[in-house]
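Written out below as structure tokens is the structure these notes cover.
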Amino acid sequence: MTADMTAVPRTLAHILSSRFGVPEEEITADATLRGLDLDSLAIAELSLVLRDDLGVPCTDDEMRPQHTVGQLVQLLRSRGLSA
């Protein structure tokens, strides 16, 4: 994501990069989870990571391959994540 990231996008980018091997330069607000090579199993795992590490529960319906990183950031913010 850009150098001017706020805490939530930065946190998500770190998770995608460190846990799922997504190159940081590919993580943009418009990138889809599918475009980042996250299949349904990886998305389910991401959901668990968000719940366990950040305390943010997300259902399978809320995280689909066609959803963008930006949409996921908005979901996390709507659940109260600010850091």
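Chains: A, B, ... in order of the structure tokens. Residues: from 1 per chain. Ligands: from 1, in order shown.
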
- Query: Please, which residues of chain A, numbered as in this document, come out helix (DSSP H, G or I) from DSSP, as a PyMOL selection string?
  - Reply: chain A and resi 7-20+24-26+40-54+60-62+69-78

Each residue of stretch 19-55 of chain A with at least one atom at most 12 Å from stretch 68-78 of chain A should appear once, together with its nearest atom pair and the corresponding distance in Å (one decimal); atoms considered: only C-alpha atoms; ordering: chain, then increasing residue number; output as a Markdown table.
```
| residue | atom | partner | partner_atom | distance |
| --- | --- | --- | --- | --- |
| A:Glu26 | CA | A:Val69 | CA | 10.5 |
| A:Ile27 | CA | A:Val69 | CA | 7.4 |
| A:Thr28 | CA | A:Val69 | CA | 6.6 |
| A:Ala29 | CA | A:Gly70 | CA | 4.2 |
| A:Asp30 | CA | A:Thr68 | CA | 5.5 |
| A:Ala31 | CA | A:Thr68 | CA | 5.3 |
| A:Thr32 | CA | A:Thr68 | CA | 4.0 |
| A:Leu33 | CA | A:Thr68 | CA | 6.0 |
| A:Arg34 | CA | A:Thr68 | CA | 8.7 |
| A:Gly35 | CA | A:Thr68 | CA | 8.9 |
| A:Leu36 | CA | A:Val69 | CA | 9.4 |
| A:Leu38 | CA | A:Thr68 | CA | 11.4 |
| A:Ile43 | CA | A:Leu72 | CA | 11.3 |
| A:Leu46 | CA | A:Leu72 | CA | 11.0 |
| A:Ser47 | CA | A:Leu72 | CA | 10.6 |
| A:Leu50 | CA | A:Leu76 | CA | 8.8 |
| A:Arg51 | CA | A:Leu76 | CA | 10.4 |
| A:Leu54 | CA | A:Leu76 | CA | 9.5 |
| A:Gly55 | CA | A:Leu76 | CA | 10.0 |
```

Got time to write the residues from that selection, C-alpha atoms, as a PDB file, in the first residue's frame?
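Result file is result-v2.pdb:
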```
ATOM      1  CA  GLU A  26       0.984  -5.759  -4.699  1.00  0.00           C
ATOM      2  CA  ILE A  27      -1.150  -4.772  -1.703  1.00  0.00           C
ATOM      3  CA  THR A  28      -3.260  -1.819  -2.811  1.00  0.00           C
ATOM      4  CA  ALA A  29      -6.750  -0.693  -1.872  1.00  0.00           C
ATOM      5  CA  ASP A  30      -8.031  -1.867  -5.277  1.00  0.00           C
ATOM      6  CA  ALA A  31      -6.367  -5.294  -5.187  1.00  0.00           C
ATOM      7  CA  THR A  32      -8.820  -8.157  -4.834  1.00  0.00           C
ATOM      8  CA  LEU A  33      -8.141 -11.060  -2.537  1.00  0.00           C
ATOM      9  CA  ARG A  34      -8.230 -13.295  -5.630  1.00  0.00           C
ATOM     10  CA  GLY A  35      -5.730 -10.998  -7.352  1.00  0.00           C
ATOM     11  CA  LEU A  36      -3.410 -11.454  -4.375  1.00  0.00           C
ATOM     12  CA  LEU A  38      -5.702 -15.897  -1.871  1.00  0.00           C
ATOM     13  CA  ILE A  43      -9.360 -16.436   2.955  1.00  0.00           C
ATOM     14  CA  LEU A  46      -7.193 -14.925   7.043  1.00  0.00           C
ATOM     15  CA  SER A  47     -10.567 -14.753   8.765  1.00  0.00           C
ATOM     16  CA  LEU A  50      -8.159 -11.501  12.037  1.00  0.00           C
ATOM     17  CA  ARG A  51     -10.307 -13.027  14.761  1.00  0.00           C
ATOM     18  CA  LEU A  54      -6.913  -8.702  16.190  1.00  0.00           C
ATOM     19  CA  GLY A  55     -10.170  -9.728  17.873  1.00  0.00           C
TER      20      GLY A  55
END
```

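Distance annotation: of A:Pro9, A:Gly80, A:Gly21, A:Pro65, the residue with the minimal separation from A:Ser40 is A:Pro65; atom set is only C-alpha atoms.
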
- If you measure from atom CA of A:Ser17 to atom CA of A:His67, what distance in Å do you get, rounded to one decimal?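 Between these atoms lies a distance of 17.4 Å.
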
- Item | Residue with smallest distance to A:Arg19 - pool A:Val49, A:Ala44, A:Asp37, A:Thr59, counting only C-alpha atoms |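 Going through A:Val49, A:Ala44, A:Asp37, A:Thr59 one by one, the smallest distance to A:Arg19 is for A:Val49.
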
- Item | Between atom CA of A:Val22 and atom CA of A:Ala7 - distance in Å to one decimal |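 One can read the atom CA of A:Ala7 to atom CA of A:Val22 distance as 18.3 Å.
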
- Using only C-alpha atoms: which of A:Glu25, A:Ile15, A:Leu41, A:Thr6 has the shortest distance to A:Asp53: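 For A:Asp53, the nearest of the candidates is A:Ile15.
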
- Rounded to one decimal in Å, what is the spacing between atom CA of A:Ser18 and atom CA of A:Val56?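 Computing the Euclidean distance for atom CA of A:Ser18 and atom CA of A:Val56 yields 18.4 Å.
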
- Item | Nearest-residue call for A:Arg64, choices A:Asp39, A:Glu24, A:Asp52, A:Glu45, using only C-alpha atoms | A:Asp39
